[in-house]
Amino acid sequence: MTVTSRPFAQIDVFSAACGFGNPVAVVLDAQGLDDAALQRFARWTNLSETTFVLPPRDARADYRLRIFTPGGELPFAGHPTLGTCHAWLAAGGQPRDGARIVQECAQGLVAIRREGERLAFAAPPSRRSDPSPALLAQVAQALGVTAAQVRRAQLLDNGPQWLTLLLDSADTVLALSPDHARLADLRQKVGVVGVHAAQGAMHLISRSNREARAFGAGAAQGEAPLIEVRAFAAPIGVPEDPVTGSLNASLAEWLIDAGELPAAYVAAQGTALGRAGRVHVARDAGGQVWVGGQCVPCIRGDVSL
């Protein structure tokens, strides 16, 4: 087996400091590696995702990305998209369009833009469907929540599929202690979201104010999070993901449309794991949802693969 030294980085995403967001391992030149080698290295890093950068096949893209969990390949994922883009730019990558970067992945082309110190990706369209009552009841039991605590539920799919539950409060979300083995048996990744009480009161006020609505309620101007998010992914070998861009993208499209969330806000995720992830969400005038966050390099060097 031929071993090659390849540029490598590990980036913490949705955080301004190492150790508080969600790390992604990035191999910046994966040419010549077969699927078995990619999967083996992803299992070895033991992170929720490891990415591999390749030359694009689509002439509109700046680079092509393959995304692996310890258990398999994903067509799209949020924090690997931002972390890889940050590493690619830091390694000297030059986008064809100076205003934005275009990533090619199995899900298609994903636009990424710079927002000051943050990067943000354009959320892919998310398919929605109602979960079966039987599945919802089984998941609620595995989470340890009652039917009265579940305000809404949807199956959301923007590449990764999540059964996402809007619970009655952020406190309920933070208190969850799921049965991960049961969720693994159900083969269902589960996202949960709840509104923080004080921020929720501000949102209710803003919804009644025409001027505030016109300017997206201004919720994302500060760092105070409006919602708390958790993501349980035992079926792919990740009991709880620290910060999840794909889930935040899908739930934003769902709950903004439903009138539960304003057009711009900050989500917190990772609190229960001792992290401090912050996800900045904004829907633009054209209806496109952008999901952004800061990225910080924690490791830079070379890897022998």
# chains A, B, ... in the order shown; residues from 1 in each chain; ligands from 1
call {"tool": "residues_around", "arguments": {"residues": "A:Pro7", "least_positions_apart": "5", "cutoff": "8 Å", "atoms": "only C-alpha atoms", "output": "list in words"}}
result
Val27, Leu28, Asp29, Arg300, Gly301, Asp302 and Val303 of chain A
call {"tool": "write_last_selection", "arguments": {"atoms": "N, CA and C atoms", "output": "mmCIF file, in the first residue's frame"}}
result
data_model
loop_
_atom_site.group_PDB
_atom_site.id
_atom_site.type_symbol
_atom_site.label_atom_id
_atom_site.label_comp_id
_atom_site.auth_asym_id
_atom_site.auth_seq_id
_atom_site.Cartn_x
_atom_site.Cartn_y
_atom_site.Cartn_z
ATOM 1 N N VAL A 27 -8.988 16.251 5.463
ATOM 2 C CA VAL A 27 -7.861 15.861 4.615
ATOM 3 C C VAL A 27 -7.974 16.682 3.341
ATOM 4 N N LEU A 28 -7.010 17.565 3.116
ATOM 5 C CA LEU A 28 -7.154 18.576 2.066
ATOM 6 C C LEU A 28 -6.768 18.078 0.675
ATOM 7 N N ASP A 29 -6.237 16.880 0.583
ATOM 8 C CA ASP A 29 -5.950 16.280 -0.731
ATOM 9 C C ASP A 29 -6.182 14.782 -0.608
ATOM 10 N N ARG A 300 -3.022 21.731 12.699
ATOM 11 C CA ARG A 300 -2.594 21.876 11.322
ATOM 12 C C ARG A 300 -1.352 21.030 11.115
ATOM 13 N N GLY A 301 -1.259 20.380 9.978
ATOM 14 C CA GLY A 301 -0.082 19.569 9.725
ATOM 15 C C GLY A 301 -0.282 18.658 8.547
ATOM 16 N N ASP A 302 0.290 17.454 8.627
ATOM 17 C CA ASP A 302 0.187 16.480 7.541
ATOM 18 C C ASP A 302 -0.194 15.134 8.144
ATOM 19 N N VAL A 303 -0.864 14.350 7.323
ATOM 20 C CA VAL A 303 -1.259 13.022 7.749
ATOM 21 C C VAL A 303 -0.780 12.033 6.686
#
call {"tool": "select_by_dssp", "arguments": {"residues": "stretch 3-79 of chain A", "states": "helix (DSSP H, G or I)", "output": "ChimeraX atom specification"}}
result
/A:35-45,78-79
call {"tool": "atom_distance", "arguments": {"atom1": "atom CA of A:Gly21", "atom2": "atom CA of A:Pro80"}}
result
11.9 Å
call {"tool": "closest_residue", "arguments": {"among": "A:Pro133, A:Pro297, A:Gly277, A:Pro242", "to": "A:Cys18", "atoms": "only C-alpha atoms"}}
result
A:Pro297
call {"tool": "closest_residue", "arguments": {"among": "A:Val192, A:Ala258, A:Ala123, A:Val102", "to": "A:Val145", "atoms": "only C-alpha atoms"}}
result
A:Val192
call {"tool": "residues_around", "arguments": {"residues": "A:Asp257", "least_positions_apart": "2", "cutoff": "12 Å", "atoms": "only C-alpha atoms", "output": "ChimeraX atom specification"}}
result
/A:126,128,250-255,259-263,283,287-289
call {"tool": "closest_residue", "arguments": {"among": "A:Phe14, A:Phe68, A:Ser129, A:Asp97", "to": "A:Ala267", "atoms": "only C-alpha atoms"}}
result
A:Phe14
call {"tool": "select_by_dssp", "arguments": {"residues": "stretch 23-225 of chain A", "states": "strand (DSSP E)", "output": "PyMOL selection string"}}
result
chain A and resi 23-27+50-54+63-69+72-74+100-105+108-115+118-122+127-129+150-157+161-167+190-195
call {"tool": "residues_around", "arguments": {"residues": "A:Ala148", "least_positions_apart": "2", "cutoff": "10 Å", "atoms": "only C-alpha atoms", "output": "list of chain:residue names"}}
result
A:Val145, A:Thr146, A:Val150, A:Arg151, A:Leu167, A:Asp168
call {"tool": "residues_around", "arguments": {"residues": "stretch 142-144 of chain A", "least_positions_apart": "2", "cutoff": "6 Å", "atoms": "only C-alpha atoms", "output": "PyMOL selection string"}}
result
chain A and resi 139-140+178-179
